[in-house]
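Remarks on the structure that follows.
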Amino acid sequence: MIEKRTLRRQLPILNETYCLEADRRMTAQILASDWFQEARSIFVYVNMDLEPSTRTIIETAWQNKKVFVPKCISKNEMIAVQIRSWNDLQEGTMHILEPIHDEPSDVDFDLGLIPCVAAGTHGQRLGHGAGYYDRFLQGKHMKKLCLCYEKRICDEIEMDVHDVYMDAVVTEKNWYYFQ
């Protein structure tokens, strides 16, 4: 099995045309899914470069759901903060858009949309390596859906004891479910 750091360096480089079309397809699948339709509250990342876009998902969710996004509050902890518009965000840790306010939520989220740089075929998720999401997701009971480009699906991803498995991974071509 390839070490996580090595795997991150070996991932295929994706071109902009591929990513835009894949983002469009993933977004359409998520918005049409029962998981999204039935959710009253969602926790969703605000994408940065090389991550599937969540912009349309967030904007659609604002119509009838509570939307929460991550905010880093220390070098190893993040919280979920509700946002109601793009004006609630500013550039924060690692140049990621984060909430201006830092009022943590005590909401039990129905759905979590989690970023990755790659995902496995058994619910594994490879993040950027800082561990924020794995720490945040510990003990959370929401449905965890990882958005991943199909070209970055891997057969095997090394998992550590603190890593959190996803309930499903969605790509532009497939849904991979795990239970």
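Labeling convention for the structure tokens: chains A, B, ... as they appear, residues from 1 per chain, ligands from 1 in order of appearance.
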- segment 98-108 of chain A surroundings by only C-alpha atoms, 12 Å radius, close-in-sequence under 2 positions cut, as a ChimeraX atom specification: /A:39-48,66-74,77-96,110-112,137,139-143
- Item | Who sits within 12 Å of Glu156 of chain A, only C-alpha atoms, same chain under 4 positions skipped, as a list in words |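 After dropping sequence-adjacent residues, the list is Met1, Ile2, Glu3, Lys4, Leu7, Ala118, Ala119, Gly120, Thr121, His122, Gly123, Gln124, Arg125, Leu126 and Arg152 of chain A.
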- Item | Test item: residues at most 9 Å from Lys151 of chain A, only C-alpha atoms, excluding those fewer than 5 positions along its chain, as number ranges by chain | A: 11-12, 14, 118, 171
Take the residues from that selection and put them in a file with N, CA, C and O atoms, as an mmCIF file, in the first residue's frame.
data_model
loop_
_atom_site.group_PDB
_atom_site.id
_atom_site.type_symbol
_atom_site.label_atom_id
_atom_site.label_comp_id
_atom_site.auth_asym_id
_atom_site.auth_seq_id
_atom_site.Cartn_x
_atom_site.Cartn_y
_atom_site.Cartn_z
ATOM 1 N N LEU A 11 -0.815 11.686 -7.594
ATOM 2 C CA LEU A 11 -2.155 11.845 -8.155
ATOM 3 C C LEU A 11 -2.096 12.512 -9.522
ATOM 4 O O LEU A 11 -1.270 13.389 -9.756
ATOM 5 N N PRO A 12 -2.991 12.108 -10.424
ATOM 6 C CA PRO A 12 -2.982 12.727 -11.753
ATOM 7 C C PRO A 12 -3.349 14.204 -11.683
ATOM 8 O O PRO A 12 -4.190 14.609 -10.874
ATOM 9 N N LEU A 14 -5.247 17.267 -13.088
ATOM 10 C CA LEU A 14 -6.514 17.370 -13.804
ATOM 11 C C LEU A 14 -6.601 18.710 -14.517
ATOM 12 O O LEU A 14 -6.267 19.734 -13.930
ATOM 13 N N ALA A 118 -8.259 12.576 -2.928
ATOM 14 C CA ALA A 118 -8.501 11.266 -3.531
ATOM 15 C C ALA A 118 -9.397 10.489 -2.577
ATOM 16 O O ALA A 118 -9.507 10.817 -1.402
ATOM 17 N N THR A 171 -18.701 10.744 -7.568
ATOM 18 C CA THR A 171 -17.847 11.275 -8.630
ATOM 19 C C THR A 171 -18.769 11.733 -9.753
ATOM 20 O O THR A 171 -19.992 11.585 -9.662
#
Would you give me, as a PDB file with N, CA, C and O atoms, in the first residue's frame, the residues in chain A that DSSP reads as strand (DSSP E)?
ATOM      1  N   SER A  41     -30.341  20.303   7.406  1.00  0.00           N
ATOM      2  CA  SER A  41     -29.114  21.041   7.698  1.00  0.00           C
ATOM      3  C   SER A  41     -27.947  20.300   7.061  1.00  0.00           C
ATOM      4  O   SER A  41     -27.886  19.078   7.101  1.00  0.00           O
ATOM      5  N   ILE A  42     -27.040  21.076   6.456  1.00  0.00           N
ATOM      6  CA  ILE A  42     -25.870  20.450   5.843  1.00  0.00           C
ATOM      7  C   ILE A  42     -24.598  21.147   6.318  1.00  0.00           C
ATOM      8  O   ILE A  42     -24.578  22.343   6.573  1.00  0.00           O
ATOM      9  N   PHE A  43     -23.572  20.338   6.446  1.00  0.00           N
ATOM     10  CA  PHE A  43     -22.220  20.822   6.692  1.00  0.00           C
ATOM     11  C   PHE A  43     -21.492  20.614   5.379  1.00  0.00           C
ATOM     12  O   PHE A  43     -21.481  19.506   4.830  1.00  0.00           O
ATOM     13  N   VAL A  44     -20.915  21.679   4.829  1.00  0.00           N
ATOM     14  CA  VAL A  44     -20.314  21.585   3.501  1.00  0.00           C
ATOM     15  C   VAL A  44     -19.039  22.423   3.443  1.00  0.00           C
ATOM     16  O   VAL A  44     -18.985  23.526   3.982  1.00  0.00           O
ATOM     17  N   LYS A  66     -30.439  24.882   6.458  1.00  0.00           N
ATOM     18  CA  LYS A  66     -29.401  25.578   7.204  1.00  0.00           C
ATOM     19  C   LYS A  66     -28.065  25.084   6.666  1.00  0.00           C
ATOM     20  O   LYS A  66     -27.852  23.874   6.522  1.00  0.00           O
ATOM     21  N   VAL A  67     -27.177  26.019   6.371  1.00  0.00           N
ATOM     22  CA  VAL A  67     -25.890  25.692   5.767  1.00  0.00           C
ATOM     23  C   VAL A  67     -24.776  26.075   6.740  1.00  0.00           C
ATOM     24  O   VAL A  67     -24.708  27.218   7.198  1.00  0.00           O
ATOM     25  N   PHE A  68     -23.904  25.114   7.025  1.00  0.00           N
ATOM     26  CA  PHE A  68     -22.783  25.318   7.930  1.00  0.00           C
ATOM     27  C   PHE A  68     -21.504  24.975   7.187  1.00  0.00           C
ATOM     28  O   PHE A  68     -21.464  24.006   6.424  1.00  0.00           O
ATOM     29  N   VAL A  69     -20.474  25.779   7.410  1.00  0.00           N
ATOM     30  CA  VAL A  69     -19.181  25.551   6.777  1.00  0.00           C
ATOM     31  C   VAL A  69     -18.093  25.565   7.841  1.00  0.00           C
ATOM     32  O   VAL A  69     -18.291  26.089   8.936  1.00  0.00           O
ATOM     33  N   PRO A  70     -16.935  24.967   7.532  1.00  0.00           N
ATOM     34  CA  PRO A  70     -15.864  24.896   8.521  1.00  0.00           C
ATOM     35  C   PRO A  70     -15.130  26.215   8.713  1.00  0.00           C
ATOM     36  O   PRO A  70     -15.015  27.025   7.794  1.00  0.00           O
ATOM     37  N   LYS A  71     -14.654  26.405   9.939  1.00  0.00           N
ATOM     38  CA  LYS A  71     -13.763  27.510  10.268  1.00  0.00           C
ATOM     39  C   LYS A  71     -12.674  26.959  11.185  1.00  0.00           C
ATOM     40  O   LYS A  71     -12.969  26.350  12.214  1.00  0.00           O
ATOM     41  N   CYS A  72     -11.421  27.169  10.800  1.00  0.00           N
ATOM     42  CA  CYS A  72     -10.297  26.743  11.632  1.00  0.00           C
ATOM     43  C   CYS A  72     -10.147  27.722  12.784  1.00  0.00           C
ATOM     44  O   CYS A  72     -10.086  28.936  12.563  1.00  0.00           O
ATOM     45  N   MET A  78     -11.243  22.661  13.998  1.00  0.00           N
ATOM     46  CA  MET A  78     -12.177  23.491  13.251  1.00  0.00           C
ATOM     47  C   MET A  78     -13.566  23.314  13.845  1.00  0.00           C
ATOM     48  O   MET A  78     -13.845  22.322  14.523  1.00  0.00           O
ATOM     49  N   ILE A  79     -14.397  24.305  13.594  1.00  0.00           N
ATOM     50  CA  ILE A  79     -15.781  24.285  14.046  1.00  0.00           C
ATOM     51  C   ILE A  79     -16.681  24.499  12.831  1.00  0.00           C
ATOM     52  O   ILE A  79     -16.213  24.897  11.773  1.00  0.00           O
ATOM     53  N   ALA A  80     -17.969  24.254  13.009  1.00  0.00           N
ATOM     54  CA  ALA A  80     -18.944  24.509  11.963  1.00  0.00           C
ATOM     55  C   ALA A  80     -19.715  25.773  12.320  1.00  0.00           C
ATOM     56  O   ALA A  80     -20.187  25.924  13.440  1.00  0.00           O
ATOM     57  N   VAL A  81     -19.810  26.695  11.358  1.00  0.00           N
ATOM     58  CA  VAL A  81     -20.492  27.972  11.570  1.00  0.00           C
ATOM     59  C   VAL A  81     -21.539  28.143  10.471  1.00  0.00           C
ATOM     60  O   VAL A  81     -21.252  27.895   9.295  1.00  0.00           O
ATOM     61  N   GLN A  82     -22.723  28.586  10.857  1.00  0.00           N
ATOM     62  CA  GLN A  82     -23.783  28.789   9.871  1.00  0.00           C
ATOM     63  C   GLN A  82     -23.496  30.035   9.036  1.00  0.00           C
ATOM     64  O   GLN A  82     -23.060  31.056   9.552  1.00  0.00           O
ATOM     65  N   ILE A  83     -23.739  29.911   7.728  1.00  0.00           N
ATOM     66  CA  ILE A  83     -23.652  31.061   6.829  1.00  0.00           C
ATOM     67  C   ILE A  83     -24.968  31.185   6.075  1.00  0.00           C
ATOM     68  O   ILE A  83     -25.647  30.190   5.820  1.00  0.00           O
ATOM     69  N   LEU A  89     -18.504  35.241   4.506  1.00  0.00           N
ATOM     70  CA  LEU A  89     -17.197  34.596   4.379  1.00  0.00           C
ATOM     71  C   LEU A  89     -16.093  35.605   4.101  1.00  0.00           C
ATOM     72  O   LEU A  89     -16.329  36.643   3.493  1.00  0.00           O
ATOM     73  N   GLN A  90     -14.888  35.246   4.551  1.00  0.00           N
ATOM     74  CA  GLN A  90     -13.678  36.005   4.227  1.00  0.00           C
ATOM     75  C   GLN A  90     -12.525  35.012   4.131  1.00  0.00           C
ATOM     76  O   GLN A  90     -12.623  33.887   4.603  1.00  0.00           O
ATOM     77  N   GLU A  91     -11.420  35.446   3.516  1.00  0.00           N
ATOM     78  CA  GLU A  91     -10.259  34.568   3.402  1.00  0.00           C
ATOM     79  C   GLU A  91      -9.689  34.300   4.783  1.00  0.00           C
ATOM     80  O   GLU A  91      -9.496  35.216   5.582  1.00  0.00           O
ATOM     81  N   LEU A  97     -11.859  30.325   2.064  1.00  0.00           N
ATOM     82  CA  LEU A  97     -12.948  31.168   2.538  1.00  0.00           C
ATOM     83  C   LEU A  97     -13.555  30.548   3.787  1.00  0.00           C
ATOM     84  O   LEU A  97     -13.918  29.364   3.793  1.00  0.00           O
ATOM     85  N   GLU A  98     -13.638  31.345   4.848  1.00  0.00           N
ATOM     86  CA  GLU A  98     -14.174  30.883   6.128  1.00  0.00           C
ATOM     87  C   GLU A  98     -15.182  31.900   6.648  1.00  0.00           C
ATOM     88  O   GLU A  98     -15.147  33.066   6.266  1.00  0.00           O
ATOM     89  N   PRO A  99     -16.046  31.468   7.557  1.00  0.00           N
ATOM     90  CA  PRO A  99     -17.006  32.407   8.142  1.00  0.00           C
ATOM     91  C   PRO A  99     -16.304  33.547   8.872  1.00  0.00           C
ATOM     92  O   PRO A  99     -15.266  33.355   9.503  1.00  0.00           O
ATOM     93  N   LEU A 111     -26.479  15.979   6.729  1.00  0.00           N
ATOM     94  CA  LEU A 111     -25.582  15.609   5.641  1.00  0.00           C
ATOM     95  C   LEU A 111     -24.304  16.413   5.743  1.00  0.00           C
ATOM     96  O   LEU A 111     -24.338  17.619   5.988  1.00  0.00           O
ATOM     97  N   GLY A 112     -23.187  15.735   5.546  1.00  0.00           N
ATOM     98  CA  GLY A 112     -21.890  16.398   5.478  1.00  0.00           C
ATOM     99  C   GLY A 112     -21.255  16.146   4.128  1.00  0.00           C
ATOM    100  O   GLY A 112     -21.157  14.993   3.694  1.00  0.00           O
ATOM    101  N   LEU A 113     -20.862  17.208   3.441  1.00  0.00           N
ATOM    102  CA  LEU A 113     -20.139  17.098   2.179  1.00  0.00           C
ATOM    103  C   LEU A 113     -18.676  17.395   2.483  1.00  0.00           C
ATOM    104  O   LEU A 113     -18.326  18.509   2.878  1.00  0.00           O
ATOM    105  N   ILE A 114     -17.843  16.395   2.305  1.00  0.00           N
ATOM    106  CA  ILE A 114     -16.474  16.413   2.801  1.00  0.00           C
ATOM    107  C   ILE A 114     -15.500  16.427   1.621  1.00  0.00           C
ATOM    108  O   ILE A 114     -15.650  15.641   0.677  1.00  0.00           O
ATOM    109  N   ALA A 118      -8.259  12.576  -2.928  1.00  0.00           N
ATOM    110  CA  ALA A 118      -8.501  11.266  -3.531  1.00  0.00           C
ATOM    111  C   ALA A 118      -9.397  10.489  -2.577  1.00  0.00           C
ATOM    112  O   ALA A 118      -9.507  10.817  -1.402  1.00  0.00           O
ATOM    113  N   ALA A 119     -10.044   9.453  -3.116  1.00  0.00           N
ATOM    114  CA  ALA A 119     -10.897   8.601  -2.290  1.00  0.00           C
ATOM    115  C   ALA A 119     -10.728   7.163  -2.724  1.00  0.00           C
ATOM    116  O   ALA A 119     -10.372   6.885  -3.872  1.00  0.00           O
ATOM    117  N   GLY A 120     -11.011   6.274  -1.796  1.00  0.00           N
ATOM    118  CA  GLY A 120     -10.891   4.856  -2.077  1.00  0.00           C
ATOM    119  C   GLY A 120     -12.234   4.218  -2.361  1.00  0.00           C
ATOM    120  O   GLY A 120     -13.288   4.809  -2.119  1.00  0.00           O
ATOM    121  N   ARG A 125     -10.856   8.184   2.594  1.00  0.00           N
ATOM    122  CA  ARG A 125     -10.726   9.552   2.105  1.00  0.00           C
ATOM    123  C   ARG A 125      -9.303  10.015   2.353  1.00  0.00           C
ATOM    124  O   ARG A 125      -8.775   9.849   3.446  1.00  0.00           O
ATOM    125  N   LEU A 126      -8.690  10.583   1.323  1.00  0.00           N
ATOM    126  CA  LEU A 126      -7.363  11.162   1.458  1.00  0.00           C
ATOM    127  C   LEU A 126      -7.522  12.670   1.395  1.00  0.00           C
ATOM    128  O   LEU A 126      -7.920  13.216   0.364  1.00  0.00           O
ATOM    129  N   LYS A 143     -24.822  11.759   7.628  1.00  0.00           N
ATOM    130  CA  LYS A 143     -24.360  11.016   6.462  1.00  0.00           C
ATOM    131  C   LYS A 143     -23.167  11.765   5.894  1.00  0.00           C
ATOM    132  O   LYS A 143     -23.239  12.965   5.648  1.00  0.00           O
ATOM    133  N   LYS A 144     -22.063  11.062   5.698  1.00  0.00           N
ATOM    134  CA  LYS A 144     -20.820  11.666   5.227  1.00  0.00           C
ATOM    135  C   LYS A 144     -20.602  11.309   3.767  1.00  0.00           C
ATOM    136  O   LYS A 144     -20.405  10.151   3.431  1.00  0.00           O
ATOM    137  N   LEU A 145     -20.648  12.324   2.932  1.00  0.00           N
ATOM    138  CA  LEU A 145     -20.520  12.157   1.485  1.00  0.00           C
ATOM    139  C   LEU A 145     -19.272  12.885   1.020  1.00  0.00           C
ATOM    140  O   LEU A 145     -19.134  14.089   1.228  1.00  0.00           O
ATOM    141  N   CYS A 146     -18.359  12.151   0.418  1.00  0.00           N
ATOM    142  CA  CYS A 146     -17.117  12.726  -0.084  1.00  0.00           C
ATOM    143  C   CYS A 146     -17.258  12.993  -1.575  1.00  0.00           C
ATOM    144  O   CYS A 146     -17.737  12.130  -2.315  1.00  0.00           O
ATOM    145  N   LEU A 147     -16.886  14.181  -2.015  1.00  0.00           N
ATOM    146  CA  LEU A 147     -16.891  14.533  -3.432  1.00  0.00           C
ATOM    147  C   LEU A 147     -15.485  14.305  -3.978  1.00  0.00           C
ATOM    148  O   LEU A 147     -14.507  14.802  -3.413  1.00  0.00           O
ATOM    149  N   ILE A 153      -9.996   8.321  -7.966  1.00  0.00           N
ATOM    150  CA  ILE A 153     -10.456   7.188  -7.166  1.00  0.00           C
ATOM    151  C   ILE A 153      -9.337   6.147  -7.169  1.00  0.00           C
ATOM    152  O   ILE A 153      -8.800   5.803  -8.227  1.00  0.00           O
ATOM    153  N   CYS A 154      -8.987   5.665  -5.993  1.00  0.00           N
ATOM    154  CA  CYS A 154      -7.893   4.705  -5.838  1.00  0.00           C
ATOM    155  C   CYS A 154      -8.441   3.405  -5.243  1.00  0.00           C
ATOM    156  O   CYS A 154      -9.376   3.434  -4.452  1.00  0.00           O
ATOM    157  N   ALA A 168     -20.456   7.428   1.664  1.00  0.00           N
ATOM    158  CA  ALA A 168     -20.519   7.341   0.207  1.00  0.00           C
ATOM    159  C   ALA A 168     -19.500   8.298  -0.396  1.00  0.00           C
ATOM    160  O   ALA A 168     -19.107   9.280   0.237  1.00  0.00           O
ATOM    161  N   VAL A 169     -19.094   7.983  -1.606  1.00  0.00           N
ATOM    162  CA  VAL A 169     -18.247   8.877  -2.402  1.00  0.00           C
ATOM    163  C   VAL A 169     -18.994   9.100  -3.712  1.00  0.00           C
ATOM    164  O   VAL A 169     -19.484   8.146  -4.325  1.00  0.00           O
ATOM    165  N   VAL A 170     -19.086  10.356  -4.119  1.00  0.00           N
ATOM    166  CA  VAL A 170     -19.731  10.659  -5.400  1.00  0.00           C
ATOM    167  C   VAL A 170     -18.674  11.241  -6.333  1.00  0.00           C
ATOM    168  O   VAL A 170     -17.838  12.045  -5.931  1.00  0.00           O
ATOM    169  N   TRP A 175     -21.728   6.730  -7.864  1.00  0.00           N
ATOM    170  CA  TRP A 175     -21.877   6.819  -6.412  1.00  0.00           C
ATOM    171  C   TRP A 175     -21.312   5.508  -5.872  1.00  0.00           C
ATOM    172  O   TRP A 175     -21.688   4.444  -6.343  1.00  0.00           O
ATOM    173  N   TYR A 176     -20.418   5.595  -4.915  1.00  0.00           N
ATOM    174  CA  TYR A 176     -19.897   4.422  -4.237  1.00  0.00           C
ATOM    175  C   TYR A 176     -20.477   4.477  -2.818  1.00  0.00           C
ATOM    176  O   TYR A 176     -20.205   5.423  -2.079  1.00  0.00           O
ATOM    177  N   TYR A 177     -21.296   3.487  -2.462  1.00  0.00           N
ATOM    178  CA  TYR A 177     -21.938   3.445  -1.140  1.00  0.00           C
ATOM    179  C   TYR A 177     -21.221   2.456  -0.250  1.00  0.00           C
ATOM    180  O   TYR A 177     -20.815   1.387  -0.704  1.00  0.00           O
TER     181      TYR A 177
END
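Checking A:Ala61, A:Gln29, A:Leu50, A:Asp134 one by one against Val164 of chain A, counting only C-alpha atoms, you find the shortest gap at A:Asp134.
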- Task: Write out as a list of chain:residue names all residues of segment 57-90 of chain A that backbone DSSP assigns to helix (DSSP H, G or I).
- Result: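 So, restricting segment 57-90 of chain A to helix (DSSP H, G or I), we get A:Ile57, A:Ile58, A:Glu59, A:Thr60, A:Ala61, A:Trp86, A:Asn87, A:Asp88.
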